[in-house]
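The file model-v5.cif comes next; it holds mmCIF, C-alpha atoms and all ligand atoms.
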```
data_input
#
loop_
_atom_site.label_atom_id
_atom_site.label_comp_id
_atom_site.auth_asym_id
_atom_site.auth_seq_id
_atom_site.Cartn_x
_atom_site.Cartn_y
_atom_site.Cartn_z
CA MET A 1151 -64.49 -79.79 7.46
CA SER A 1152 -62.57 -83.02 7.03
CA ASP A 1153 -62.97 -83.05 3.24
CA CYS A 1154 -61.63 -79.52 2.80
CA LEU A 1155 -57.98 -79.29 1.73
CA PHE A 1156 -57.25 -75.99 3.49
CA CYS A 1157 -59.05 -77.04 6.70
CA ARG A 1158 -56.76 -80.08 6.70
CA ILE A 1159 -53.64 -77.97 6.08
CA ALA A 1160 -54.74 -75.50 8.79
CA ALA A 1161 -55.18 -78.41 11.20
CA GLY A 1162 -51.74 -79.80 10.35
CA ASP A 1163 -53.20 -83.01 8.89
CA ILE A 1164 -51.66 -82.30 5.48
CA PRO A 1165 -48.13 -80.91 5.42
CA ALA A 1166 -47.42 -77.44 4.08
CA ASP A 1167 -44.56 -74.96 4.20
CA VAL A 1168 -46.06 -72.75 6.91
CA VAL A 1169 -44.52 -69.27 7.13
CA ALA A 1170 -46.83 -67.65 9.71
CA ARG A 1171 -49.53 -68.69 12.13
CA THR A 1172 -51.82 -66.93 14.59
CA ASP A 1173 -54.74 -68.27 16.62
CA ASN A 1174 -57.05 -67.53 13.66
CA VAL A 1175 -54.92 -67.57 10.52
CA VAL A 1176 -52.34 -69.78 8.79
CA ALA A 1177 -50.01 -68.71 5.96
CA PHE A 1178 -48.21 -71.27 3.81
CA ARG A 1179 -46.42 -71.36 0.47
CA ASP A 1180 -48.48 -72.12 -2.63
CA ILE A 1181 -47.52 -75.50 -4.09
CA GLU A 1182 -47.40 -73.97 -7.62
CA PRO A 1183 -45.90 -70.51 -7.09
CA LYS A 1184 -46.74 -67.82 -9.64
CA ALA A 1185 -44.20 -65.31 -8.26
CA PRO A 1186 -40.96 -65.48 -6.22
CA VAL A 1187 -43.14 -64.98 -3.14
CA HIS A 1188 -46.50 -66.76 -3.37
CA VAL A 1189 -48.06 -67.42 0.00
CA LEU A 1190 -51.66 -68.37 0.78
CA VAL A 1191 -53.23 -66.83 3.89
CA VAL A 1192 -56.26 -68.74 5.13
CA PRO A 1193 -58.60 -68.49 8.11
CA ILE A 1194 -58.55 -71.54 10.35
CA ALA A 1195 -62.36 -71.38 10.44
CA HIS A 1196 -63.96 -72.71 7.28
CA VAL A 1197 -65.66 -70.12 5.10
CA ALA A 1198 -66.03 -70.61 1.36
CA ASN A 1199 -64.70 -67.30 0.05
CA VAL A 1200 -63.75 -63.73 0.91
CA THR A 1201 -67.38 -62.54 0.84
CA GLU A 1202 -68.35 -65.08 3.48
CA ALA A 1203 -65.23 -64.12 5.46
CA ALA A 1204 -66.22 -60.44 5.40
CA ALA A 1205 -69.78 -61.26 6.52
CA GLN A 1206 -69.04 -63.94 9.11
CA ILE A 1207 -65.50 -63.33 10.43
CA PRO A 1208 -64.56 -59.73 9.55
CA ASP A 1209 -61.96 -59.47 12.30
CA VAL A 1210 -60.23 -62.59 10.97
CA LEU A 1211 -60.31 -61.15 7.44
CA ALA A 1212 -58.53 -58.06 8.77
CA GLU A 1213 -56.04 -60.36 10.49
CA MET A 1214 -55.44 -62.15 7.15
CA VAL A 1215 -54.48 -58.80 5.61
CA ALA A 1216 -52.18 -58.04 8.55
CA VAL A 1217 -50.50 -61.45 8.17
CA ALA A 1218 -50.11 -60.84 4.42
CA GLN A 1219 -48.32 -57.58 5.27
CA ARG A 1220 -46.07 -59.41 7.72
CA VAL A 1221 -45.14 -62.00 5.08
CA ALA A 1222 -44.40 -59.24 2.58
CA ASP A 1223 -42.35 -57.35 5.18
CA ALA A 1224 -40.25 -60.47 5.73
CA GLU A 1225 -39.91 -61.56 2.10
CA ALA A 1226 -40.79 -58.78 -0.37
CA ASP A 1227 -39.73 -55.41 1.02
CA GLY A 1228 -43.24 -54.88 2.36
CA GLU A 1229 -44.90 -54.74 -1.06
CA PHE A 1230 -47.40 -57.27 -2.31
CA ARG A 1231 -50.45 -58.06 -4.41
CA LEU A 1232 -53.41 -59.62 -2.59
CA ILE A 1233 -55.83 -61.74 -4.65
CA PHE A 1234 -59.02 -63.50 -3.62
CA ASN A 1235 -60.31 -65.56 -6.53
CA THR A 1236 -64.04 -65.88 -5.93
CA GLY A 1237 -65.94 -68.48 -7.96
CA PRO A 1238 -64.68 -70.93 -10.57
CA THR A 1239 -64.86 -68.45 -13.45
CA ALA A 1240 -62.53 -66.16 -11.52
CA GLY A 1241 -60.13 -69.05 -10.95
CA GLN A 1242 -61.14 -70.27 -7.51
CA SER A 1243 -60.34 -73.97 -7.20
CA VAL A 1244 -60.28 -74.42 -3.42
CA PHE A 1245 -63.52 -73.37 -1.73
CA HIS A 1246 -62.01 -72.33 1.60
CA ALA A 1247 -61.27 -68.60 1.63
CA HIS A 1248 -57.65 -67.77 0.90
CA ALA A 1249 -55.66 -64.69 0.02
CA HIS A 1250 -52.87 -65.11 -2.51
CA VAL A 1251 -49.94 -62.94 -1.41
CA LEU A 1252 -47.73 -62.32 -4.45
CA GLY A 1253 -44.49 -60.38 -4.51
CA GLY A 1254 -40.74 -60.48 -4.64
CA ALA A 1255 -40.52 -59.18 -8.21
CA GLU A 1256 -41.98 -56.51 -10.48
CA LEU A 1257 -45.46 -57.93 -11.10
CA LYS A 1258 -47.10 -57.57 -14.51
CA TRP A 1259 -50.57 -56.06 -14.69
CA GLU A 1260 -52.33 -57.15 -17.88
CA ASN A 1261 -55.78 -57.88 -19.18
CA ALA A 1262 -56.96 -61.27 -17.94
P1 LIG B 1301 -57.42 -70.75 -6.13
O1 LIG B 1301 -57.21 -71.37 -7.50
O2 LIG B 1301 -58.55 -71.44 -5.41
O3 LIG B 1301 -57.50 -69.28 -6.10
O4 LIG B 1301 -56.09 -71.07 -5.33
C1 LIG B 1301 -55.79 -72.32 -4.82
C2 LIG B 1301 -54.29 -72.41 -4.73
O5 LIG B 1301 -53.98 -73.51 -3.90
C3 LIG B 1301 -53.59 -72.64 -6.07
O6 LIG B 1301 -52.69 -71.56 -6.35
C4 LIG B 1301 -52.85 -73.96 -5.88
O7 LIG B 1301 -51.57 -73.96 -6.46
C5 LIG B 1301 -52.78 -74.09 -4.37
N1 LIG B 1301 -52.78 -75.45 -3.88
C6 LIG B 1301 -53.58 -76.46 -4.31
N2 LIG B 1301 -53.33 -77.58 -3.60
C7 LIG B 1301 -52.35 -77.26 -2.71
C8 LIG B 1301 -51.68 -78.02 -1.70
O8 LIG B 1301 -51.92 -79.20 -1.48
N3 LIG B 1301 -50.75 -77.36 -0.97
C9 LIG B 1301 -50.44 -76.04 -1.20
N4 LIG B 1301 -49.49 -75.49 -0.43
N5 LIG B 1301 -51.07 -75.30 -2.14
C10 LIG B 1301 -52.01 -75.91 -2.88
ZN ZN B 1302 -62.09 -75.49 4.86
#
```

Let me see whether you can do it: turn the structure in this file into structure tokens.
Ligand code: 5GP
Ligand code: ZN
Amino acid sequence: MSDCLFCRIAAGDIPADVVARTDNVVAFRDIEPKAPVHVLVVPIAHVANVTEAAAQIPDVLAEMVAVAQRVADAEADGEFRLIFNTGPTAGQSVFHAHAHVLGGAELKWENA
């Protein structure tokens, strides 16, 4: 989708700090990091959110988790938080499925 930011990043049309890539998945640093390690893992195929990913491309969703683990292995001693904001109320602002991989420090766990 040419009007989708993460489709354009996945295609290389918009630059990003890419840290991992497979045939199906791209991982790049979030432009506004919320932790020392904050990487977004996205499917190259456009789906709107994690629920659509699970229904339509479950193998790619599993690959996204594997790539998240690889990023954490390289940058955060293998430990990470994985977040899929789903819907605007939950904080989703880009409607192309993406996993936030957060780590590299002791992460707080508080009421939202
Ligand atoms: P959401 O709010 O949808 O869960 O997450 C979208 C994320 O994309 C945000 O954390 C935001 O900082 C990040 N983001 C928005 N625009 C860009 C961009 O152009 N490049 C990169 N690398 N990250 C972006
Ligand atoms: Zn897209």

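Using only C-alpha atoms, the smallest distance between any of A:Pro1183, A:Pro1208, A:Gly1237, A:Gly1228 and A:Ala1195 comes from A:Pro1208.
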
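Take atom CA of A:Asp1153 and atom CA of A:Thr1239: the distance between them is 22.3 Å.
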
Check: At a cut-off of 12 Å from (-66.0, -69.7, 6.2) in the coordinates of the file, what residues are picked up using only C-alpha atoms, written as a PyMOL selection string?
Finding: chain A and resi 1151+1154+1156-1157+1174+1192-1208+1210-1211+1245-1248

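Shortest separation to A:Lys1184 among A:Leu1155, A:Leu1252, A:Ala1161, A:Ala1218 occurs at residue A:Leu1252, atoms counted being all atoms listed in the file.
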
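Atom pair atom CA of A:Val1215 / atom CA of A:His1250 has a distance of 10.4 Å (rounded to one decimal).
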
Please put the answer as AutoDock Vina command-line options: centre and edge lengths, in Å with one decimal, of a box along x, y and z that encloses all listed atoms of ligand LIG 1301 (chain B) plus 5 Å on each side.
```
--center_x -54.0 --center_y -74.2 --center_z -4.0 --size_x 19.1 --size_y 19.9 --size_z 17.1
```

Checklist line | Close residues, A:His1188 itself excluded, 9 Å, all atoms listed in the file, min 6 positions apart in chain, as a list in words | finding: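 Listed by chain and then number, they are Phe1178, Arg1179, Asp1180, Ile1181, Glu1182, His1250, Val1251, Leu1252, Gly1253 and Gly1254 of chain A.
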
Repair of stretch 1208-1219 of chain A at the level of all heavy atoms, as a compact mmCIF listing (two decimals), in the frame of the given file:
```
# COMPACT_ATOMS: atom_id res chain seq x y z
N PRO A 1208 -65.28 -60.90 10.06
CA PRO A 1208 -64.56 -59.73 9.55
C PRO A 1208 -63.25 -59.45 10.28
O PRO A 1208 -62.28 -58.99 9.65
CB PRO A 1208 -65.57 -58.59 9.72
CG PRO A 1208 -66.58 -59.09 10.71
CD PRO A 1208 -66.63 -60.57 10.53
N ASP A 1209 -63.21 -59.71 11.57
CA ASP A 1209 -61.96 -59.47 12.30
C ASP A 1209 -60.85 -60.40 11.80
O ASP A 1209 -59.68 -60.01 11.73
CB ASP A 1209 -62.15 -59.67 13.81
CG ASP A 1209 -63.05 -58.60 14.41
OD1 ASP A 1209 -63.41 -57.65 13.69
OD2 ASP A 1209 -63.41 -58.74 15.59
N VAL A 1210 -61.23 -61.64 11.47
CA VAL A 1210 -60.23 -62.59 10.97
C VAL A 1210 -59.77 -62.18 9.57
O VAL A 1210 -58.59 -62.31 9.22
CB VAL A 1210 -60.79 -64.03 10.98
CG1 VAL A 1210 -59.80 -65.01 10.36
CG2 VAL A 1210 -61.13 -64.45 12.41
N LEU A 1211 -60.70 -61.64 8.77
CA LEU A 1211 -60.31 -61.15 7.44
C LEU A 1211 -59.28 -60.03 7.58
O LEU A 1211 -58.27 -59.99 6.86
CB LEU A 1211 -61.55 -60.68 6.68
CG LEU A 1211 -61.31 -60.14 5.26
CD1 LEU A 1211 -60.65 -61.18 4.38
CD2 LEU A 1211 -62.64 -59.70 4.66
N ALA A 1212 -59.51 -59.13 8.54
CA ALA A 1212 -58.53 -58.06 8.77
C ALA A 1212 -57.20 -58.65 9.23
O ALA A 1212 -56.12 -58.18 8.84
CB ALA A 1212 -59.07 -57.08 9.80
N GLU A 1213 -57.26 -59.70 10.02
CA GLU A 1213 -56.04 -60.36 10.49
C GLU A 1213 -55.30 -61.02 9.31
O GLU A 1213 -54.07 -61.02 9.27
CB GLU A 1213 -56.42 -61.41 11.55
CG GLU A 1213 -55.28 -61.82 12.45
CD GLU A 1213 -55.78 -62.69 13.62
OE1 GLU A 1213 -56.93 -62.49 14.09
OE2 GLU A 1213 -55.01 -63.57 14.04
N MET A 1214 -56.06 -61.57 8.35
CA MET A 1214 -55.44 -62.15 7.15
C MET A 1214 -54.64 -61.09 6.40
O MET A 1214 -53.53 -61.35 5.92
CB MET A 1214 -56.51 -62.75 6.23
CG MET A 1214 -57.14 -64.01 6.79
SD MET A 1214 -58.65 -64.48 5.90
CE MET A 1214 -58.02 -64.86 4.27
N VAL A 1215 -55.20 -59.88 6.30
CA VAL A 1215 -54.48 -58.80 5.61
C VAL A 1215 -53.23 -58.42 6.41
O VAL A 1215 -52.15 -58.21 5.83
CB VAL A 1215 -55.40 -57.58 5.40
CG1 VAL A 1215 -54.62 -56.42 4.78
CG2 VAL A 1215 -56.60 -57.95 4.53
N ALA A 1216 -53.34 -58.38 7.72
CA ALA A 1216 -52.18 -58.04 8.55
C ALA A 1216 -51.09 -59.11 8.41
O ALA A 1216 -49.89 -58.78 8.34
CB ALA A 1216 -52.60 -57.89 10.01
N VAL A 1217 -51.49 -60.37 8.34
CA VAL A 1217 -50.50 -61.45 8.17
C VAL A 1217 -49.86 -61.35 6.78
O VAL A 1217 -48.65 -61.55 6.63
CB VAL A 1217 -51.15 -62.82 8.43
CG1 VAL A 1217 -50.23 -63.95 7.97
CG2 VAL A 1217 -51.48 -62.97 9.91
N ALA A 1218 -50.66 -61.03 5.77
CA ALA A 1218 -50.11 -60.84 4.42
C ALA A 1218 -49.03 -59.75 4.46
O ALA A 1218 -47.96 -59.90 3.85
CB ALA A 1218 -51.22 -60.46 3.44
N GLN A 1219 -49.32 -58.66 5.17
CA GLN A 1219 -48.32 -57.58 5.27
C GLN A 1219 -47.06 -58.08 5.97
O GLN A 1219 -45.94 -57.75 5.56
CB GLN A 1219 -48.93 -56.39 6.03
CG GLN A 1219 -47.97 -55.21 6.18
CD GLN A 1219 -47.69 -54.54 4.84
OE1 GLN A 1219 -48.58 -53.97 4.23
NE2 GLN A 1219 -46.43 -54.60 4.39
```
